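> Pasting in a structure now, in structure tokens, and then I'll have a few things to ask.
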Amino acid sequence: MADANAAVAVVTVSLVLLGLLSGLSLSWALLPVAVVVLIFVLASGLRGRDELAHLNVCVLVLGDIGRSPRMQYHALSLSRHGYSVTLIGFLGTKPHQDILEDDRIDILPISELNGLRVGPNIFRYVSKVMLQSFQLFYMLMKIEDQGYILMQNPPGLPAIAVTWVASRLRGNQLIIDWHNYGYTIMALTHGENHLIVKVAKWYEKLFGCFSDHNLCVTNAMREDLQKNWNIEATTLYDKPPSIFRETPLKLQHELFVRMSSAYSPFRPSSDVTKEHMELTAFTERNTQTGAVTRSAGRPALLISSTSWTEDEDFSILLQALEEYEKFVEEEDKLPSLVCVITGKGPQKEYYKKLIDSKEFNHIKICTPWLEAEDYPVLLGSADLGVCLHKSSSGLDLPMKVVDMFGCCLPVCAIHFQCLHELVKHEENGLIFKDSNELSEQLKLLFSGFPGDQGKLGIFRKNLRESGQKRWDENWDHNVLPLIKEHCD
């Protein structure tokens, strides 16, 4: 209980300091003291530990569960090995159907609180953090006894401190899965020298050291955690689950037909009609025999996925497409393109207006949001993937590329510090630094399309023969021993 007392003290002092920094009077700033002490007193009356608690696991993300695939994969892997999982997070987007149908996984939604809507920005932010702290603490204290809590960071403010307090009070093991550094994401908006960014960095470093164990997404992050924060972590690379694979032609056609009802780029040209044929822009099915074939002269399908945030500059792709349009007009051997950009996020409307302002003759762009079950089918149907993710820390890797490689889909990815841990230039894709390089890569890869003798075909062949690990195998090797050590 000594650790718990220290935890309560640290969190309380932190909340008081945040309150004072935001301009609250001392009496209001001390309010968290009374609340935290009250919760602590109530918690002291908790029942003894359940003897089966080691078979219960809490998977926590202070974000949208449906847009947190890695944490969903954790939950599924735990369930596969007989653990009962409580999955806590926001319910903004529908989770994968496998999550919803798993009897061992119980989703416990929390509200996405916004705090006060009046006053200075820092005051509103502090009130949001306080409200989220109390809500999350209450949730963690009311769920049945857990063997350990596996939480995602970022977002880690206030999740890391609150989760650590709850885990000390209840005797759980805490494991943090480091996807990135939260303060570096905040710095994209506020700048590195902003007070809130400095506080976030101090907080993340301080409370990150309190975990019982840590996972991270790259060797570069593992080394950085050890060197700069004295945190030892196990690297768990993102690997594609088995749902990411090349899509059979019949399933491609079925998806294209569904998407053509909502998105015109998937529809066949208006001047193309064939008797007894169901047509899309890419495929055609004989309605009498059921046979599916690729359409002659079909466009190439280019795909990118995004969260539409500051760390992805889609103007680079749009500029490259403008250059590619010129290449098509100059050369007969290059195909037209259908560019699909999937995802949700804060900058989507901005880029949609930018896309609508473009006038293309040989390129069509659409920005759908796909259900979790349709996304891997589309990836497995595409001809080339594009990744514009630039890590805010330079230490994480884009999961979208992992998924694309699982579908044996070659990728053009923008360069950043540790990308070489995933994308092997001239082996499974190409790395570019600006729109000019990307446009030249598009021209190179689509030369001779749809033949498979060029670089695009070679990259796909290399991916097929790479023998890459899948999520289940990777998780069983790196995480399962850790869980058994902590919980059994």
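Simple scheme: letters A, B, ... for chains in structure tokens order, numbers from 1 for residues in each chain, numbers from 1 for ligands in the order shown.
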Using only C-alpha atoms, determine which residues lie at most 9 Å from stretch 436-440 of chain A, disregarding the query and same-chain residues fewer than 5 positions distant; provide the list as a ChimeraX atom specification.

/A:316-317,319-324,327,412-414,430-431,445

> Using only C-alpha atoms, which protein or nucleic acid residues come within 12 Å of A:Met151? Drop anything in the same chain fewer than 3 positions from it, and give the result as an MDAnalysis selection string.

chainID A and resid 57:63 65 68 70:72 74:75 86:89 140 148 154:164 167 173:179 208 211:216

> Could you write out, as an MDAnalysis selection string, all the residues of stretch 247-430 of chain A that DSSP marks as strand (DSSP E)?

chainID A and resid 277:279 283:286 292:294 300:305 337:342 363:366 384:387 411:414 429:430

> Using only C-alpha atoms, determine which residues lie at most 8 Å from stretch 256-263 of chain A, disregarding the query and same-chain residues fewer than 2 positions distant; provide the list as a list of chain:residue names.

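Those residues are A:Gln252, A:His253, A:Glu254, A:Pro265, A:Phe266, A:Arg267, A:Leu279, A:Thr280, A:Phe282, A:Thr283, A:Cys366.
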
> Nearest residue to A:Pro346 out of A:Leu397, A:Leu136, A:Glu312, A:Gly429, using only C-alpha atoms?

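Of the candidates, the smallest distance to A:Pro346 is held by A:Glu312.
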
> Could you list, as a list in words, every residue within 12 Å of A:Phe459, counting only C-alpha atoms and ignoring same-chain residues fewer than 4 positions away?

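In the requested form, the answer reads Asp383, Leu384, Gly385, Phe405, Cys408, Leu409, Pro410, Val411, Cys412, Val423, Lys424, His425, Glu426, Glu427, Asn428, Gly429, Leu430, Leu445, Asp452, Gln453, Gly454, Lys455, Leu463, Arg464, Glu465 and Ser466 of chain A.
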
> Might you pull out every residue within 12 Å of A:Trp229, with only C-alpha atoms counted and same-chain residues fewer than 2 positions away left off, and present them as a list in words?

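In the requested form, the answer reads Tyr181, Lys201, Trp202, Tyr203, Glu204, Lys205, Leu206, Phe207, Gly208, Cys209, Phe210, Met221, Arg222, Glu223, Asp224, Leu225, Gln226, Lys227, Ile231, Glu232 and Ala233 of chain A.
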
> Would you put the residues from that selection into a file with C-alpha atoms, as a compact mmCIF listing (two decimals), in the first residue's frame?


```
# COMPACT_ATOMS: atom_id res chain seq x y z
CA TYR A 181 5.38 9.68 -27.70
CA LYS A 201 6.84 15.41 -21.85
CA TRP A 202 7.69 15.62 -18.15
CA TYR A 203 4.52 13.72 -17.27
CA GLU A 204 5.04 10.99 -19.90
CA LYS A 205 8.65 10.41 -18.84
CA LEU A 206 7.85 10.40 -15.12
CA PHE A 207 4.87 8.08 -15.12
CA GLY A 208 6.14 5.91 -17.96
CA CYS A 209 8.88 4.71 -15.63
CA PHE A 210 6.30 3.38 -13.15
CA MET A 221 11.93 3.33 -29.95
CA ARG A 222 13.19 0.57 -27.64
CA GLU A 223 16.69 2.06 -27.77
CA ASP A 224 15.37 5.59 -27.24
CA LEU A 225 13.27 4.55 -24.24
CA GLN A 226 16.30 2.89 -22.68
CA LYS A 227 18.77 5.67 -23.44
CA ILE A 231 12.71 2.34 -19.61
CA GLU A 232 13.28 -1.23 -20.75
CA ALA A 233 10.86 -2.43 -23.41
```

> Show me, as a list in words, the residues that have an atom within 8 Å of A:Leu76 when counting only C-alpha atoms, minus same-chain residues fewer than 4 positions from it.

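Counting only the stated atoms, we get Gln72, Arg80, Asp98, Ile99 and Ile105 of chain A.
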
> If you run DSSP on the backbone, which residues of stretch 35-150 of chain A are alpha helix (DSSP H), as a PDB file with N, CA and C atoms, in the first residue's frame?


```pdb
ATOM      1  N   VAL A  35     -11.200  15.057  -3.644  1.00  0.00           N
ATOM      2  CA  VAL A  35     -11.798  14.001  -4.469  1.00  0.00           C
ATOM      3  C   VAL A  35     -10.934  12.752  -4.448  1.00  0.00           C
ATOM      4  N   VAL A  36      -9.612  12.925  -4.657  1.00  0.00           N
ATOM      5  CA  VAL A  36      -8.724  11.767  -4.694  1.00  0.00           C
ATOM      6  C   VAL A  36      -8.668  11.069  -3.343  1.00  0.00           C
ATOM      7  N   VAL A  37      -8.630  11.837  -2.274  1.00  0.00           N
ATOM      8  CA  VAL A  37      -8.610  11.235  -0.942  1.00  0.00           C
ATOM      9  C   VAL A  37      -9.885  10.428  -0.700  1.00  0.00           C
ATOM     10  N   LEU A  38     -11.046  10.982  -1.136  1.00  0.00           N
ATOM     11  CA  LEU A  38     -12.311  10.274  -0.977  1.00  0.00           C
ATOM     12  C   LEU A  38     -12.287   8.942  -1.729  1.00  0.00           C
ATOM     13  N   ILE A  39     -11.806   8.975  -2.982  1.00  0.00           N
ATOM     14  CA  ILE A  39     -11.727   7.748  -3.765  1.00  0.00           C
ATOM     15  C   ILE A  39     -10.791   6.743  -3.095  1.00  0.00           C
ATOM     16  N   PHE A  40      -9.665   7.255  -2.582  1.00  0.00           N
ATOM     17  CA  PHE A  40      -8.696   6.375  -1.925  1.00  0.00           C
ATOM     18  C   PHE A  40      -9.306   5.687  -0.704  1.00  0.00           C
ATOM     19  N   VAL A  41     -10.078   6.454   0.069  1.00  0.00           N
ATOM     20  CA  VAL A  41     -10.713   5.875   1.257  1.00  0.00           C
ATOM     21  C   VAL A  41     -11.707   4.799   0.852  1.00  0.00           C
ATOM     22  N   LEU A  42     -12.504   5.089  -0.191  1.00  0.00           N
ATOM     23  CA  LEU A  42     -13.464   4.095  -0.672  1.00  0.00           C
ATOM     24  C   LEU A  42     -12.749   2.854  -1.197  1.00  0.00           C
ATOM     25  N   ALA A  43     -11.627   3.068  -1.875  1.00  0.00           N
ATOM     26  CA  ALA A  43     -10.892   1.940  -2.457  1.00  0.00           C
ATOM     27  C   ALA A  43     -10.299   1.040  -1.392  1.00  0.00           C
ATOM     28  N   PRO A  69      -6.487  -0.653 -34.094  1.00  0.00           N
ATOM     29  CA  PRO A  69      -6.392  -2.068 -34.489  1.00  0.00           C
ATOM     30  C   PRO A  69      -5.432  -2.883 -33.641  1.00  0.00           C
ATOM     31  N   ARG A  70      -4.304  -2.304 -33.264  1.00  0.00           N
ATOM     32  CA  ARG A  70      -3.318  -3.078 -32.495  1.00  0.00           C
ATOM     33  C   ARG A  70      -3.904  -3.529 -31.156  1.00  0.00           C
ATOM     34  N   MET A  71      -4.678  -2.656 -30.501  1.00  0.00           N
ATOM     35  CA  MET A  71      -5.265  -3.035 -29.219  1.00  0.00           C
ATOM     36  C   MET A  71      -6.377  -4.065 -29.409  1.00  0.00           C
ATOM     37  N   GLN A  72      -7.082  -3.987 -30.527  1.00  0.00           N
ATOM     38  CA  GLN A  72      -8.070  -5.027 -30.833  1.00  0.00           C
ATOM     39  C   GLN A  72      -7.366  -6.369 -31.060  1.00  0.00           C
ATOM     40  N   TYR A  73      -6.216  -6.340 -31.735  1.00  0.00           N
ATOM     41  CA  TYR A  73      -5.466  -7.578 -31.959  1.00  0.00           C
ATOM     42  C   TYR A  73      -4.971  -8.157 -30.631  1.00  0.00           C
ATOM     43  N   HIS A  74      -4.525  -7.279 -29.726  1.00  0.00           N
ATOM     44  CA  HIS A  74      -4.137  -7.753 -28.392  1.00  0.00           C
ATOM     45  C   HIS A  74      -5.299  -8.497 -27.737  1.00  0.00           C
ATOM     46  N   ALA A  75      -6.480  -7.886 -27.780  1.00  0.00           N
ATOM     47  CA  ALA A  75      -7.648  -8.483 -27.130  1.00  0.00           C
ATOM     48  C   ALA A  75      -7.967  -9.851 -27.732  1.00  0.00           C
ATOM     49  N   LEU A  76      -7.917  -9.947 -29.064  1.00  0.00           N
ATOM     50  CA  LEU A  76      -8.213 -11.215 -29.730  1.00  0.00           C
ATOM     51  C   LEU A  76      -7.169 -12.278 -29.386  1.00  0.00           C
ATOM     52  N   SER A  77      -5.913 -11.884 -29.312  1.00  0.00           N
ATOM     53  CA  SER A  77      -4.857 -12.837 -28.965  1.00  0.00           C
ATOM     54  C   SER A  77      -5.019 -13.347 -27.541  1.00  0.00           C
ATOM     55  N   LEU A  78      -5.347 -12.445 -26.625  1.00  0.00           N
ATOM     56  CA  LEU A  78      -5.578 -12.848 -25.241  1.00  0.00           C
ATOM     57  C   LEU A  78      -6.744 -13.832 -25.150  1.00  0.00           C
ATOM     58  N   SER A  79      -7.821 -13.515 -25.847  1.00  0.00           N
ATOM     59  CA  SER A  79      -8.987 -14.394 -25.840  1.00  0.00           C
ATOM     60  C   SER A  79      -8.643 -15.764 -26.414  1.00  0.00           C
ATOM     61  N   ARG A  80      -7.838 -15.775 -27.459  1.00  0.00           N
ATOM     62  CA  ARG A  80      -7.449 -17.031 -28.109  1.00  0.00           C
ATOM     63  C   ARG A  80      -6.724 -17.949 -27.126  1.00  0.00           C
ATOM     64  N   GLN A  97     -15.648  -7.113 -36.356  1.00  0.00           N
ATOM     65  CA  GLN A  97     -16.706  -8.063 -36.045  1.00  0.00           C
ATOM     66  C   GLN A  97     -16.222  -9.198 -35.155  1.00  0.00           C
ATOM     67  N   ASP A  98     -14.958  -9.606 -35.317  1.00  0.00           N
ATOM     68  CA  ASP A  98     -14.408 -10.672 -34.468  1.00  0.00           C
ATOM     69  C   ASP A  98     -14.417 -10.269 -32.998  1.00  0.00           C
ATOM     70  N   ILE A  99     -14.198  -8.986 -32.716  1.00  0.00           N
ATOM     71  CA  ILE A  99     -14.255  -8.468 -31.348  1.00  0.00           C
ATOM     72  C   ILE A  99     -15.677  -8.561 -30.821  1.00  0.00           C
ATOM     73  N   LEU A 100     -16.627  -8.122 -31.634  1.00  0.00           N
ATOM     74  CA  LEU A 100     -18.025  -8.080 -31.205  1.00  0.00           C
ATOM     75  C   LEU A 100     -18.596  -9.470 -30.968  1.00  0.00           C
ATOM     76  N   GLU A 101     -18.092 -10.467 -31.692  1.00  0.00           N
ATOM     77  CA  GLU A 101     -18.641 -11.819 -31.602  1.00  0.00           C
ATOM     78  C   GLU A 101     -17.897 -12.702 -30.606  1.00  0.00           C
ATOM     79  N   ASN A 121      -7.836  28.478 -23.204  1.00  0.00           N
ATOM     80  CA  ASN A 121      -7.637  27.128 -23.725  1.00  0.00           C
ATOM     81  C   ASN A 121      -7.026  26.197 -22.683  1.00  0.00           C
ATOM     82  N   ILE A 122      -6.027  26.707 -21.953  1.00  0.00           N
ATOM     83  CA  ILE A 122      -5.359  25.837 -20.984  1.00  0.00           C
ATOM     84  C   ILE A 122      -6.313  25.451 -19.850  1.00  0.00           C
ATOM     85  N   PHE A 123      -7.214  26.366 -19.491  1.00  0.00           N
ATOM     86  CA  PHE A 123      -8.211  26.076 -18.457  1.00  0.00           C
ATOM     87  C   PHE A 123      -9.150  24.972 -18.938  1.00  0.00           C
ATOM     88  N   ARG A 124      -9.585  25.060 -20.202  1.00  0.00           N
ATOM     89  CA  ARG A 124     -10.482  24.043 -20.749  1.00  0.00           C
ATOM     90  C   ARG A 124      -9.771  22.692 -20.864  1.00  0.00           C
ATOM     91  N   TYR A 125      -8.487  22.744 -21.224  1.00  0.00           N
ATOM     92  CA  TYR A 125      -7.734  21.494 -21.353  1.00  0.00           C
ATOM     93  C   TYR A 125      -7.551  20.826 -19.999  1.00  0.00           C
ATOM     94  N   VAL A 126      -7.219  21.610 -18.984  1.00  0.00           N
ATOM     95  CA  VAL A 126      -7.027  21.052 -17.645  1.00  0.00           C
ATOM     96  C   VAL A 126      -8.328  20.460 -17.120  1.00  0.00           C
ATOM     97  N   SER A 127      -9.443  21.134 -17.365  1.00  0.00           N
ATOM     98  CA  SER A 127     -10.730  20.598 -16.899  1.00  0.00           C
ATOM     99  C   SER A 127     -11.045  19.288 -17.608  1.00  0.00           C
ATOM    100  N   LYS A 128     -10.688  19.175 -18.891  1.00  0.00           N
ATOM    101  CA  LYS A 128     -10.898  17.923 -19.627  1.00  0.00           C
ATOM    102  C   LYS A 128     -10.064  16.793 -19.018  1.00  0.00           C
ATOM    103  N   VAL A 129      -8.792  17.092 -18.712  1.00  0.00           N
ATOM    104  CA  VAL A 129      -7.907  16.093 -18.121  1.00  0.00           C
ATOM    105  C   VAL A 129      -8.448  15.626 -16.772  1.00  0.00           C
ATOM    106  N   MET A 130      -8.927  16.569 -15.962  1.00  0.00           N
ATOM    107  CA  MET A 130      -9.453  16.198 -14.644  1.00  0.00           C
ATOM    108  C   MET A 130     -10.683  15.302 -14.767  1.00  0.00           C
ATOM    109  N   LEU A 131     -11.621  15.693 -15.644  1.00  0.00           N
ATOM    110  CA  LEU A 131     -12.833  14.895 -15.814  1.00  0.00           C
ATOM    111  C   LEU A 131     -12.508  13.495 -16.328  1.00  0.00           C
ATOM    112  N   GLN A 132     -11.598  13.414 -17.307  1.00  0.00           N
ATOM    113  CA  GLN A 132     -11.201  12.109 -17.826  1.00  0.00           C
ATOM    114  C   GLN A 132     -10.514  11.270 -16.751  1.00  0.00           C
ATOM    115  N   SER A 133      -9.733  11.939 -15.901  1.00  0.00           N
ATOM    116  CA  SER A 133      -9.036  11.219 -14.824  1.00  0.00           C
ATOM    117  C   SER A 133     -10.017  10.535 -13.892  1.00  0.00           C
ATOM    118  N   PHE A 134     -11.021  11.268 -13.441  1.00  0.00           N
ATOM    119  CA  PHE A 134     -11.971  10.710 -12.490  1.00  0.00           C
ATOM    120  C   PHE A 134     -12.839   9.640 -13.143  1.00  0.00           C
ATOM    121  N   GLN A 135     -13.234   9.863 -14.412  1.00  0.00           N
ATOM    122  CA  GLN A 135     -14.044   8.860 -15.105  1.00  0.00           C
ATOM    123  C   GLN A 135     -13.265   7.557 -15.274  1.00  0.00           C
ATOM    124  N   LEU A 136     -12.013   7.661 -15.732  1.00  0.00           N
ATOM    125  CA  LEU A 136     -11.202   6.474 -15.973  1.00  0.00           C
ATOM    126  C   LEU A 136     -10.892   5.753 -14.667  1.00  0.00           C
ATOM    127  N   PHE A 137     -10.585   6.508 -13.628  1.00  0.00           N
ATOM    128  CA  PHE A 137     -10.289   5.893 -12.337  1.00  0.00           C
ATOM    129  C   PHE A 137     -11.495   5.122 -11.818  1.00  0.00           C
ATOM    130  N   TYR A 138     -12.656   5.721 -11.952  1.00  0.00           N
ATOM    131  CA  TYR A 138     -13.882   5.054 -11.519  1.00  0.00           C
ATOM    132  C   TYR A 138     -14.091   3.744 -12.285  1.00  0.00           C
ATOM    133  N   MET A 139     -13.885   3.782 -13.609  1.00  0.00           N
ATOM    134  CA  MET A 139     -14.046   2.585 -14.433  1.00  0.00           C
ATOM    135  C   MET A 139     -13.081   1.478 -14.007  1.00  0.00           C
ATOM    136  N   LEU A 140     -11.832   1.849 -13.780  1.00  0.00           N
ATOM    137  CA  LEU A 140     -10.817   0.857 -13.431  1.00  0.00           C
ATOM    138  C   LEU A 140     -11.042   0.271 -12.039  1.00  0.00           C
ATOM    139  N   MET A 141     -11.679   1.055 -11.175  1.00  0.00           N
ATOM    140  CA  MET A 141     -11.926   0.556  -9.830  1.00  0.00           C
ATOM    141  C   MET A 141     -13.184  -0.298  -9.748  1.00  0.00           C
ATOM    142  N   LYS A 142     -14.105  -0.138 -10.693  1.00  0.00           N
ATOM    143  CA  LYS A 142     -15.367  -0.873 -10.586  1.00  0.00           C
ATOM    144  C   LYS A 142     -15.346  -2.208 -11.328  1.00  0.00           C
TER     145      LYS A 142
END
```

> If you measure from atom CA of A:Tyr351 to atom CA of A:Tyr375, what distance in Å do you get, rounded to one decimal?

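Atom CA of A:Tyr351 sits 20.8 Å away from atom CA of A:Tyr375.
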